[in-house]
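Chemist: Quick one: the structure is below, and I'll ask about it shortly.
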Amino acid sequence: MDKNIKLLYCILGSIVLALLNNSIFNGAKFGLFDAGTLVGRLIIDLSDILSLIGIILLVLFSITLIIRNIDLKHK
């Protein structure tokens with residue numbers, strides 16, 4: 001059960017990373033970091049990459065959680 005809780009925390013963190021590219025946060029990103037500057041463009045690109053990593057990790061952790069909880073002995 002302890003491993004499932006750790007996986008659920010990993011899934012929660014992956015969801016937060018995946019939400020970096022949500023339309024709600026786009027206005028905040030463009031407001032805080034001007035896309036015309038080099039630093040602003042770098043930060044926006046970094047958030048896009050982190051969002052992609054979050055989606056990939058979300059899929060991997062979810063599949064791992066499902067596989068660990070399949071009970072094949074009762075079939």
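Each chain in the structure tokens gets a letter, A, B and so on, in the order shown; residues start at 1 in every chain, and ligands are counted from 1 in the order they appear.
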For region 23-34 of chain A, list every protein, DNA or RNA residue within 12 Å, evaluated using only C-alpha atoms, and leave out those in the same chain fewer than 5 positions away; present the list as a list in words.
Modeler: Val16, Leu17, Ala18, Val39, Gly40, Arg41, Leu42, Ile43, Ile44, Asp45, Leu46, Ser47, Asp48 and Ser51 of chain A
Chemist: Determine, counting only C-alpha atoms, which protein, DNA and RNA residues have an atom within 10 Å of an atom of Leu7 (chain A); residues of the same chain fewer than 4 positions away are not included. Present the result as a PyMOL selection string.
Modeler: chain A and resi 1-3+11-13+61-62+64-65
Chemist: Ranking A:Ile15, A:Thr37, A:Asn22, A:Tyr9 by minimum distance to Leu58 (chain A) and counting only C-alpha atoms, which one comes first?
Modeler: A:Ile15
Chemist: Quick check, in Å to one decimal: how far apart do CA of Cys10 (chain A) and CA of Asn69 (chain A) lie?
Modeler: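 Between CA of Cys10 (chain A) and CA of Asn69 (chain A) the gap works out to 16.0 Å.
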Chemist: Please, what distance in Å, to one decimal, runs between CA of Lys6 (chain A) and CA of Ile53 (chain A)?
Modeler: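 The value is 18.5 Å.
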